[in-house]
2 protein chains.
Amino acid sequence: MDMEEKTLTKEYVFEGKILNMRKDTAQMPDGMVVDREVVEHPGGVGIALEDEEGRFCFVRQWRYAHGEVTLEFPAGKKEAGEDALTTAKREIVEETGYEGKDFVYLGKMYPTPAYDTEVVTFYYAKQGNFKGQHLDADEYINVERYTLDEMIEQCVKGEIPDAKTMSMVLLIKAKKERGEL
Amino acid sequence: MDMEEKTLTKEYVFEGKILNMRKDTAQMPDGMVVDREVVEHPGGVGIALEDEEGRFCFVRQWRYAHGEVTLEFPAGKKEAGEDALTTAKREIVEETGYEGKDFVYLGKMYPTPAYDTEVVTFYYAKQGNFKGQHLDADEYINVERYTLDEMIEQCVKGEIPDAKTMSMVLLIKAKKERGEL
């Protein structure tokens with residue numbers, strides 16, 4: 001079955017520092033014309049940094065859109081023209097103070113495929129040298145360490161609503177069981 | 001450490017059918033004033049419907065923002081004033097044709113906690129009576145069935161980028177192992 005929706009018109013209704021908002025019209029396979037609201041985001045990364053004791057780095061920070069503090073894998077958004085691995089290598093030092101080494105591609109995630117172009121690329125890395133945290137001026141972050149099993153327990157208890165963190169935990173657990181990590 | 005960012009100003013720069021976009025200013029704990037771009041979304045649900053053979057219903061559909069077809073757990077957004085369980089009971093019939101029974105709350109997910117207010121509430125249900133699919137005019141959906149282990153395999157292979165589906169697979173797997181499902 002052909003499912004493609006073909007773009008007929010694109011209108012930018014907001015162009016921000018990080019996000020753009022578009023109001024498109026598209027043609028369905030049966031010819032019907034529909035409205036589509038789309039958020040444009042440059043894309044980001046999530047990084048699972050494991051130390052020699054099998055503990056991973058997580059960051060606890062204020063999430064303005066939800067008005068609460070969350071615990072998540074370190075993450076960040078791509079700068080213009082940056083490939084995902086470069087972003088990952090930059091962000092892991094900025095947020096945790098540690099370099100990553102032996103980076104492995106874990107997978108990708110669409111946070112909200114219905115209306116947002118964002119793609120988050122996941123990496124796994126071993127903990128490397130300590131270089132010191134250097135946060136953006138508008139970031140406050142606490143770094144905490146947990147094993148994978150401790151994180152699964154927190155996910156099951158409903159303490160980790162972050163999509164990227166739950167998705168990465170699934171992939172790391174399954175890849176470790178398969179001997180792929 | 002106090003991490004709260006206090007809203008100083010809120011400006012709606014776009015009000016759409018589904019999404020709103022806000023441009024806020026907020027005060028950091030140290031007094032610094034920062035810009036925050038926020039997408040407002042009414043929230044949604046994801047439903048894991050299991051049949052008597054241990055297979056779950058998934059929907060294959062066109063995702064306009066990514067220009068591709070994805071395979072995901074059935075899902076939908078809340079109508080105005082609707083509680084999440086009501087949305088789940090309505091959407092599972094609309095998308096798969098089957099009613100759910102014995103609904104169990106699985107957890108919640110923030111797809112993009114950095115800039116989007118959306119909360120997705122997850123439910124698990126047993127497959128009930130067949131009532132017939134009734135899709136929205138702008139939806140084309142194929143229903144497919146897979147076991148949990150088949151879905152984990154597809155996630156590991158990178159075939160399931162949808163955040164809600166990976167997160168729900170993690171929670172169902174862990175809760176089944178703990179005898180909670």
# chains A, B, ... in the order shown; residues from 1 in each chain; ligands from 1
>>> select_by_dssp(residues="chain B", states="strand (DSSP E or B)", output="VMD selection string")
chain B and resid 6 to 15 20 to 27 33 to 40 44 to 50 55 to 63 68 to 72 75 to 77 98 to 110 116 120 to 130 142 to 147 162
>>> write_last_selection(atoms="C-alpha atoms", output="PDB file, in the first residue's frame")
ATOM      1  CA  LYS B   6      11.367  30.802  37.067  1.00  0.00           C
ATOM      2  CA  THR B   7       9.209  32.017  34.162  1.00  0.00           C
ATOM      3  CA  LEU B   8       9.429  35.787  33.704  1.00  0.00           C
ATOM      4  CA  THR B   9       7.535  36.253  30.419  1.00  0.00           C
ATOM      5  CA  LYS B  10       5.496  33.996  28.108  1.00  0.00           C
ATOM      6  CA  GLU B  11       4.727  34.866  24.491  1.00  0.00           C
ATOM      7  CA  TYR B  12       2.692  32.701  22.113  1.00  0.00           C
ATOM      8  CA  VAL B  13       4.332  32.982  18.690  1.00  0.00           C
ATOM      9  CA  PHE B  14       2.145  30.283  17.061  1.00  0.00           C
ATOM     10  CA  GLU B  15      -1.190  28.708  17.980  1.00  0.00           C
ATOM     11  CA  ASN B  20       1.438  25.897  20.150  1.00  0.00           C
ATOM     12  CA  MET B  21       4.870  27.512  20.231  1.00  0.00           C
ATOM     13  CA  ARG B  22       5.969  29.804  23.061  1.00  0.00           C
ATOM     14  CA  LYS B  23       8.957  32.075  23.464  1.00  0.00           C
ATOM     15  CA  ASP B  24       9.582  32.563  27.173  1.00  0.00           C
ATOM     16  CA  THR B  25      12.178  34.276  29.273  1.00  0.00           C
ATOM     17  CA  ALA B  26      13.170  32.595  32.534  1.00  0.00           C
ATOM     18  CA  GLN B  27      15.407  33.406  35.481  1.00  0.00           C
ATOM     19  CA  VAL B  33      17.849  35.665  32.371  1.00  0.00           C
ATOM     20  CA  VAL B  34      17.631  33.144  29.510  1.00  0.00           C
ATOM     21  CA  ASP B  35      15.385  32.518  26.489  1.00  0.00           C
ATOM     22  CA  ARG B  36      13.362  29.286  26.358  1.00  0.00           C
ATOM     23  CA  GLU B  37      11.527  28.061  23.228  1.00  0.00           C
ATOM     24  CA  VAL B  38       8.716  25.703  24.209  1.00  0.00           C
ATOM     25  CA  VAL B  39       6.371  23.510  22.149  1.00  0.00           C
ATOM     26  CA  GLU B  40       3.003  22.916  23.802  1.00  0.00           C
ATOM     27  CA  GLY B  44      -0.927  11.429  24.274  1.00  0.00           C
ATOM     28  CA  VAL B  45      -0.988   7.728  24.972  1.00  0.00           C
ATOM     29  CA  GLY B  46       0.710   4.537  23.811  1.00  0.00           C
ATOM     30  CA  ILE B  47      -1.088   1.198  24.148  1.00  0.00           C
ATOM     31  CA  ALA B  48       0.404  -2.309  24.283  1.00  0.00           C
ATOM     32  CA  LEU B  49      -2.405  -4.695  23.305  1.00  0.00           C
ATOM     33  CA  GLU B  50      -1.482  -8.359  23.838  1.00  0.00           C
ATOM     34  CA  ARG B  55       1.622 -11.197  20.273  1.00  0.00           C
ATOM     35  CA  PHE B  56       1.246  -7.403  20.398  1.00  0.00           C
ATOM     36  CA  CYS B  57      -0.478  -5.121  17.892  1.00  0.00           C
ATOM     37  CA  PHE B  58       1.703  -2.597  16.073  1.00  0.00           C
ATOM     38  CA  VAL B  59       0.791  -0.003  13.461  1.00  0.00           C
ATOM     39  CA  ARG B  60       2.747   0.763  10.315  1.00  0.00           C
ATOM     40  CA  GLN B  61       2.107   4.269   9.018  1.00  0.00           C
ATOM     41  CA  TRP B  62       3.550   7.261   7.160  1.00  0.00           C
ATOM     42  CA  ARG B  63       5.241   9.786   9.438  1.00  0.00           C
ATOM     43  CA  GLU B  68       9.052   7.620   5.976  1.00  0.00           C
ATOM     44  CA  VAL B  69       7.017   4.689   7.210  1.00  0.00           C
ATOM     45  CA  THR B  70       7.499   3.565  10.824  1.00  0.00           C
ATOM     46  CA  LEU B  71       6.334   0.635  12.962  1.00  0.00           C
ATOM     47  CA  GLU B  72       5.034   1.706  16.387  1.00  0.00           C
ATOM     48  CA  ALA B  75      -0.913   5.705  19.989  1.00  0.00           C
ATOM     49  CA  GLY B  76      -2.905   8.881  19.857  1.00  0.00           C
ATOM     50  CA  LYS B  77      -3.293  12.313  21.333  1.00  0.00           C
ATOM     51  CA  TYR B  98      -9.920  -4.299  18.879  1.00  0.00           C
ATOM     52  CA  GLU B  99     -11.101  -3.210  22.288  1.00  0.00           C
ATOM     53  CA  GLY B 100      -8.673  -3.494  25.181  1.00  0.00           C
ATOM     54  CA  LYS B 101      -9.586  -5.087  28.499  1.00  0.00           C
ATOM     55  CA  ASP B 102      -7.922  -5.163  31.929  1.00  0.00           C
ATOM     56  CA  PHE B 103      -5.977  -1.948  31.298  1.00  0.00           C
ATOM     57  CA  VAL B 104      -2.795  -1.554  33.384  1.00  0.00           C
ATOM     58  CA  TYR B 105      -0.848   1.712  33.746  1.00  0.00           C
ATOM     59  CA  LEU B 106       2.716   1.119  32.517  1.00  0.00           C
ATOM     60  CA  GLY B 107       4.375   4.479  32.976  1.00  0.00           C
ATOM     61  CA  LYS B 108       4.859   7.868  31.341  1.00  0.00           C
ATOM     62  CA  MET B 109       7.361   9.342  28.922  1.00  0.00           C
ATOM     63  CA  TYR B 110       8.648  12.820  28.091  1.00  0.00           C
ATOM     64  CA  ASP B 116       8.274  20.094  24.579  1.00  0.00           C
ATOM     65  CA  VAL B 120       2.862  10.193  26.735  1.00  0.00           C
ATOM     66  CA  THR B 121       1.039   7.867  29.151  1.00  0.00           C
ATOM     67  CA  PHE B 122       1.552   4.131  28.557  1.00  0.00           C
ATOM     68  CA  TYR B 123      -1.012   1.365  29.082  1.00  0.00           C
ATOM     69  CA  TYR B 124      -0.972  -2.391  28.729  1.00  0.00           C
ATOM     70  CA  ALA B 125      -4.212  -4.246  27.932  1.00  0.00           C
ATOM     71  CA  LYS B 126      -5.431  -7.685  26.929  1.00  0.00           C
ATOM     72  CA  GLN B 127      -7.078  -7.972  23.519  1.00  0.00           C
ATOM     73  CA  GLY B 128     -10.871  -7.782  23.782  1.00  0.00           C
ATOM     74  CA  ASN B 129     -13.715  -7.855  21.267  1.00  0.00           C
ATOM     75  CA  PHE B 130     -13.313  -6.918  17.611  1.00  0.00           C
ATOM     76  CA  ASN B 142      -1.545  -1.285   8.632  1.00  0.00           C
ATOM     77  CA  VAL B 143      -1.796  -3.460  11.747  1.00  0.00           C
ATOM     78  CA  GLU B 144       0.924  -6.117  12.321  1.00  0.00           C
ATOM     79  CA  ARG B 145       1.563  -8.489  15.210  1.00  0.00           C
ATOM     80  CA  TYR B 146       4.860  -9.389  16.849  1.00  0.00           C
ATOM     81  CA  THR B 147       5.961 -10.972  20.095  1.00  0.00           C
ATOM     82  CA  ASP B 162      10.116   5.427  17.613  1.00  0.00           C
TER      83      ASP B 162
END
>>> select_by_dssp(residues="segment 54-179 of chain A", states="alpha helix (DSSP H)", output="PyMOL selection string")
chain A and resi 84-96+148-156+163-177
>>> residues_around(residues="Thr112 of chain A", least_positions_apart="5", cutoff="8 Å", atoms="only C-alpha atoms", output="CSV table (one decimal) with N, CA, C and O atoms, in the first residue's frame")
chain,number,residue,atom,x,y,z
A,117,THR,N,10.9,16.8,13.5
A,117,THR,CA,11.9,16.2,12.6
A,117,THR,C,13.1,15.7,13.4
A,117,THR,O,14.0,15.1,12.9
A,118,GLU,N,13.1,16.0,14.8
A,118,GLU,CA,14.3,15.6,15.5
A,118,GLU,C,14.7,14.1,15.4
A,118,GLU,O,13.8,13.3,15.6
B,111,PRO,N,8.9,12.8,25.6
B,111,PRO,CA,9.6,12.5,24.4
B,111,PRO,C,10.8,13.5,24.2
B,111,PRO,O,11.9,13.0,23.8
B,112,THR,N,10.7,14.7,24.5
B,112,THR,CA,11.7,15.7,24.3
B,112,THR,C,11.7,16.7,25.5
B,112,THR,O,11.2,17.8,25.4
B,162,ASP,N,11.1,4.7,16.8
B,162,ASP,CA,10.1,5.4,17.6
B,162,ASP,C,10.4,5.3,19.1
B,162,ASP,O,10.5,4.2,19.7
B,163,ALA,N,10.5,6.5,19.8
B,163,ALA,CA,10.9,6.6,21.2
B,163,ALA,C,9.9,5.8,22.1
B,163,ALA,O,10.3,5.1,23.0
>>> closest_residue(among="A:Ser167, A:Gln133, A:Thr86, A:Gln154", to="chain B", atoms="only C-alpha atoms")
A:Ser167
>>> residues_around(residues="segment 169-171 of chain A", least_positions_apart="4", cutoff="9 Å", atoms="only C-alpha atoms", output="PyMOL selection string")
(chain A and resi 48+106-107+148+151-152+164-165+175-176) or (chain B and resi 152+155-156+166-167+169-171)
